[in-house]
Amino acid sequence: MPNEITQKLAHAILDAAFEKAAELGLKPLTVAVLDAGGHLKALSRQDGTSTLRPEIAQGKARGAISMGLGSRALFKRAQEQPYFIQAMNNLSGGSLVPVPGGVLVRSRDGTLIGAVGITGDSSDNDEACAVAAIQAVGLTADGG
């Protein structure tokens, strides 16, 4: 069982996310895979995505890693405590994107090993692709 996000694993997650998107007939996606330290391991944009999508995908994943919560939980927290999330976004240099689509990656024993951020369709669909991709490689998805 993997205990870190390797480049090979990151690319398997990208492939699985795009397969799920094709299955669902989604708009073009951008997928970012980060390791446990919040460092980018892989990023891919499907043809036809807009120019800001890489930053959004990384922001969803980076927010999840930085806060230790899936971005769905960050979204709920933003609704309940908007000033707190705004402060966290300021502390992170504006890179936190608190909407669904940023999913923590955990090993089977629960160890946090990375995050996946997806953008391009609805936030719910982005999150569904991230969860499916993480599960497809035998890891546990934690969307919050």
# chains A, B, ... in the order shown; residues from 1 in each chain; ligands from 1

call {"tool": "residues_around", "arguments": {"residues": "Glu23 (chain A)", "least_positions_apart": "6", "cutoff": "12 Å", "atoms": "only C-alpha atoms", "output": "list in words"}}
result
Ala16, Ala17, Asn125, Ala128, Cys129 and Ala132 of chain A

call {"tool": "select_by_dssp", "arguments": {"residues": "region 28-136 of chain A", "states": "helix (DSSP H, G or I)", "output": "PyMOL selection string"}}
result
chain A and resi 53-67+71-80+82-91+123-136

call {"tool": "residues_around", "arguments": {"residues": "region 35-51 of chain A", "least_positions_apart": "5", "cutoff": "6 Å", "atoms": "only C-alpha atoms", "output": "PyMOL selection string"}}
result
chain A and resi 5+10+28-30+62+113-114

call {"tool": "closest_residue", "arguments": {"among": "A:Ile65, A:Ile85, A:Leu91, A:Val137", "to": "Val103 (chain A)", "atoms": "only C-alpha atoms"}}
result
A:Ile65

call {"tool": "residues_around", "arguments": {"residues": "Thr140 (chain A)", "least_positions_apart": "4", "cutoff": "12 Å", "atoms": "only C-alpha atoms", "output": "PyMOL selection string"}}
result
chain A and resi 1-3+103-116+130-136

call {"tool": "write_last_selection", "arguments": {"atoms": "C-alpha atoms", "output": "tab-separated table (two decimals), in the first residue's frame"}}
result
chain	number	residue	atom	x	y	z
A	1	MET	CA	0.00	0.00	0.00
A	2	PRO	CA	1.49	3.37	-1.02
A	3	ASN	CA	2.49	5.69	1.80
A	103	VAL	CA	-10.07	15.88	-1.70
A	104	LEU	CA	-7.52	14.57	0.77
A	105	VAL	CA	-5.72	11.34	-0.12
A	106	ARG	CA	-5.22	8.90	2.74
A	107	SER	CA	-3.52	5.53	2.86
A	108	ARG	CA	-5.66	2.63	4.05
A	109	ASP	CA	-4.40	3.19	7.62
A	110	GLY	CA	-5.62	6.81	7.49
A	111	THR	CA	-2.25	8.52	6.99
A	112	LEU	CA	-2.56	11.74	4.99
A	113	ILE	CA	-0.37	11.37	1.89
A	114	GLY	CA	-1.65	14.11	-0.42
A	115	ALA	CA	-4.60	15.82	-2.05
A	116	VAL	CA	-6.32	16.02	-5.41
A	130	ALA	CA	-11.46	13.22	-7.41
A	131	VAL	CA	-13.06	10.66	-5.11
A	132	ALA	CA	-13.38	8.09	-7.92
A	133	ALA	CA	-9.77	8.61	-9.01
A	134	ILE	CA	-8.39	8.21	-5.48
A	135	GLN	CA	-10.43	5.07	-4.90
A	136	ALA	CA	-9.43	3.67	-8.32

call {"tool": "residues_around", "arguments": {"residues": "Pro100 (chain A)", "least_positions_apart": "3", "cutoff": "6 Å", "atoms": "only C-alpha atoms", "output": "PyMOL selection string"}}
result
chain A and resi 71-72+123+127

call {"tool": "select_by_dssp", "arguments": {"residues": "chain A", "states": "strand (DSSP E or B)", "output": "MDAnalysis selection string"}}
result
chainID A and resid 30:35 40:45 102:106 112:119 140:142

call {"tool": "decode", "arguments": {"residues": "region 96-140 of chain A", "atoms": "N, CA and C atoms", "output": "compact mmCIF listing (two decimals), in the first residue's frame"}}
result
# COMPACT_ATOMS: atom_id res chain seq x y z
N LEU A 96 -6.12 29.54 -1.31
CA LEU A 96 -7.10 28.59 -0.79
C LEU A 96 -8.42 28.79 -1.55
N VAL A 97 -8.95 27.71 -2.13
CA VAL A 97 -10.22 27.77 -2.86
C VAL A 97 -11.22 26.87 -2.11
N PRO A 98 -12.06 27.45 -1.26
CA PRO A 98 -12.92 26.66 -0.38
C PRO A 98 -14.26 26.25 -0.99
N VAL A 99 -14.19 25.45 -2.04
CA VAL A 99 -15.39 24.86 -2.65
C VAL A 99 -15.10 23.39 -2.93
N PRO A 100 -16.12 22.54 -3.01
CA PRO A 100 -15.88 21.12 -3.25
C PRO A 100 -15.04 20.88 -4.51
N GLY A 101 -14.22 19.84 -4.42
CA GLY A 101 -13.33 19.49 -5.53
C GLY A 101 -11.90 19.29 -5.06
N GLY A 102 -11.63 19.61 -3.80
CA GLY A 102 -10.32 19.36 -3.18
C GLY A 102 -10.48 18.22 -2.20
N VAL A 103 -9.86 17.08 -2.48
CA VAL A 103 -10.07 15.88 -1.70
C VAL A 103 -8.74 15.38 -1.15
N LEU A 104 -8.72 15.13 0.15
CA LEU A 104 -7.52 14.57 0.77
C LEU A 104 -7.33 13.12 0.34
N VAL A 105 -6.07 12.72 0.21
CA VAL A 105 -5.72 11.34 -0.12
C VAL A 105 -5.12 10.71 1.12
N ARG A 106 -5.71 9.61 1.56
CA ARG A 106 -5.22 8.90 2.74
C ARG A 106 -4.87 7.46 2.36
N SER A 107 -3.82 6.94 3.02
CA SER A 107 -3.52 5.53 2.86
C SER A 107 -4.60 4.75 3.58
N ARG A 108 -4.62 3.45 3.41
CA ARG A 108 -5.66 2.63 4.05
C ARG A 108 -5.64 2.75 5.56
N ASP A 109 -4.47 3.05 6.15
CA ASP A 109 -4.40 3.19 7.62
C ASP A 109 -4.77 4.60 8.08
N GLY A 110 -5.17 5.47 7.13
CA GLY A 110 -5.62 6.81 7.49
C GLY A 110 -4.56 7.89 7.42
N THR A 111 -3.32 7.53 7.09
CA THR A 111 -2.25 8.52 6.99
C THR A 111 -2.50 9.45 5.81
N LEU A 112 -2.39 10.75 6.05
CA LEU A 112 -2.56 11.74 4.99
C LEU A 112 -1.33 11.72 4.10
N ILE A 113 -1.52 11.45 2.80
CA ILE A 113 -0.37 11.37 1.89
C ILE A 113 -0.46 12.38 0.75
N GLY A 114 -1.56 13.12 0.64
CA GLY A 114 -1.65 14.11 -0.42
C GLY A 114 -3.06 14.63 -0.59
N ALA A 115 -3.27 15.29 -1.72
CA ALA A 115 -4.60 15.82 -2.05
C ALA A 115 -4.74 15.92 -3.55
N VAL A 116 -5.98 15.85 -4.00
CA VAL A 116 -6.32 16.02 -5.41
C VAL A 116 -7.28 17.20 -5.51
N GLY A 117 -7.01 18.09 -6.43
CA GLY A 117 -7.91 19.20 -6.71
C GLY A 117 -8.36 19.13 -8.15
N ILE A 118 -9.65 19.26 -8.37
CA ILE A 118 -10.21 19.19 -9.73
C ILE A 118 -11.15 20.36 -9.94
N THR A 119 -11.10 20.93 -11.14
CA THR A 119 -11.98 22.02 -11.52
C THR A 119 -12.34 21.91 -13.00
N GLY A 120 -13.49 22.46 -13.36
CA GLY A 120 -13.88 22.50 -14.76
C GLY A 120 -15.36 22.26 -14.98
N ASP A 121 -15.97 21.48 -14.11
CA ASP A 121 -17.41 21.22 -14.20
C ASP A 121 -18.01 21.78 -12.91
N SER A 122 -19.17 21.28 -12.50
CA SER A 122 -19.72 21.74 -11.22
C SER A 122 -18.81 21.25 -10.10
N SER A 123 -18.82 21.94 -8.99
CA SER A 123 -17.97 21.52 -7.86
C SER A 123 -18.30 20.11 -7.41
N ASP A 124 -19.58 19.73 -7.41
CA ASP A 124 -19.96 18.38 -7.02
C ASP A 124 -19.38 17.34 -7.98
N ASN A 125 -19.43 17.63 -9.29
CA ASN A 125 -18.85 16.71 -10.27
C ASN A 125 -17.33 16.66 -10.17
N ASP A 126 -16.71 17.82 -9.92
CA ASP A 126 -15.26 17.85 -9.72
C ASP A 126 -14.88 16.93 -8.57
N GLU A 127 -15.61 17.05 -7.46
CA GLU A 127 -15.34 16.23 -6.29
C GLU A 127 -15.57 14.75 -6.58
N ALA A 128 -16.64 14.44 -7.30
CA ALA A 128 -16.93 13.03 -7.63
C ALA A 128 -15.80 12.40 -8.42
N CYS A 129 -15.21 13.16 -9.33
CA CYS A 129 -14.08 12.64 -10.11
C CYS A 129 -12.84 12.45 -9.23
N ALA A 130 -12.61 13.36 -8.32
CA ALA A 130 -11.46 13.22 -7.41
C ALA A 130 -11.63 11.99 -6.53
N VAL A 131 -12.80 11.81 -5.97
CA VAL A 131 -13.06 10.66 -5.11
C VAL A 131 -12.89 9.36 -5.90
N ALA A 132 -13.48 9.30 -7.09
CA ALA A 132 -13.38 8.09 -7.92
C ALA A 132 -11.93 7.79 -8.28
N ALA A 133 -11.16 8.81 -8.61
CA ALA A 133 -9.77 8.61 -9.01
C ALA A 133 -8.93 8.08 -7.84
N ILE A 134 -9.14 8.64 -6.67
CA ILE A 134 -8.39 8.21 -5.48
C ILE A 134 -8.72 6.76 -5.15
N GLN A 135 -9.99 6.45 -5.19
CA GLN A 135 -10.43 5.07 -4.90
C GLN A 135 -9.95 4.09 -5.97
N ALA A 136 -9.87 4.54 -7.22
CA ALA A 136 -9.43 3.67 -8.32
C ALA A 136 -8.00 3.19 -8.14
N VAL A 137 -7.18 3.97 -7.44
CA VAL A 137 -5.78 3.56 -7.21
C VAL A 137 -5.62 2.89 -5.86
N GLY A 138 -6.73 2.56 -5.19
CA GLY A 138 -6.68 1.79 -3.96
C GLY A 138 -6.43 2.60 -2.71
N LEU A 139 -6.67 3.92 -2.77
CA LEU A 139 -6.47 4.77 -1.59
C LEU A 139 -7.82 5.27 -1.08
N THR A 140 -7.80 5.97 0.03
CA THR A 140 -9.02 6.46 0.66
C THR A 140 -9.18 7.95 0.40
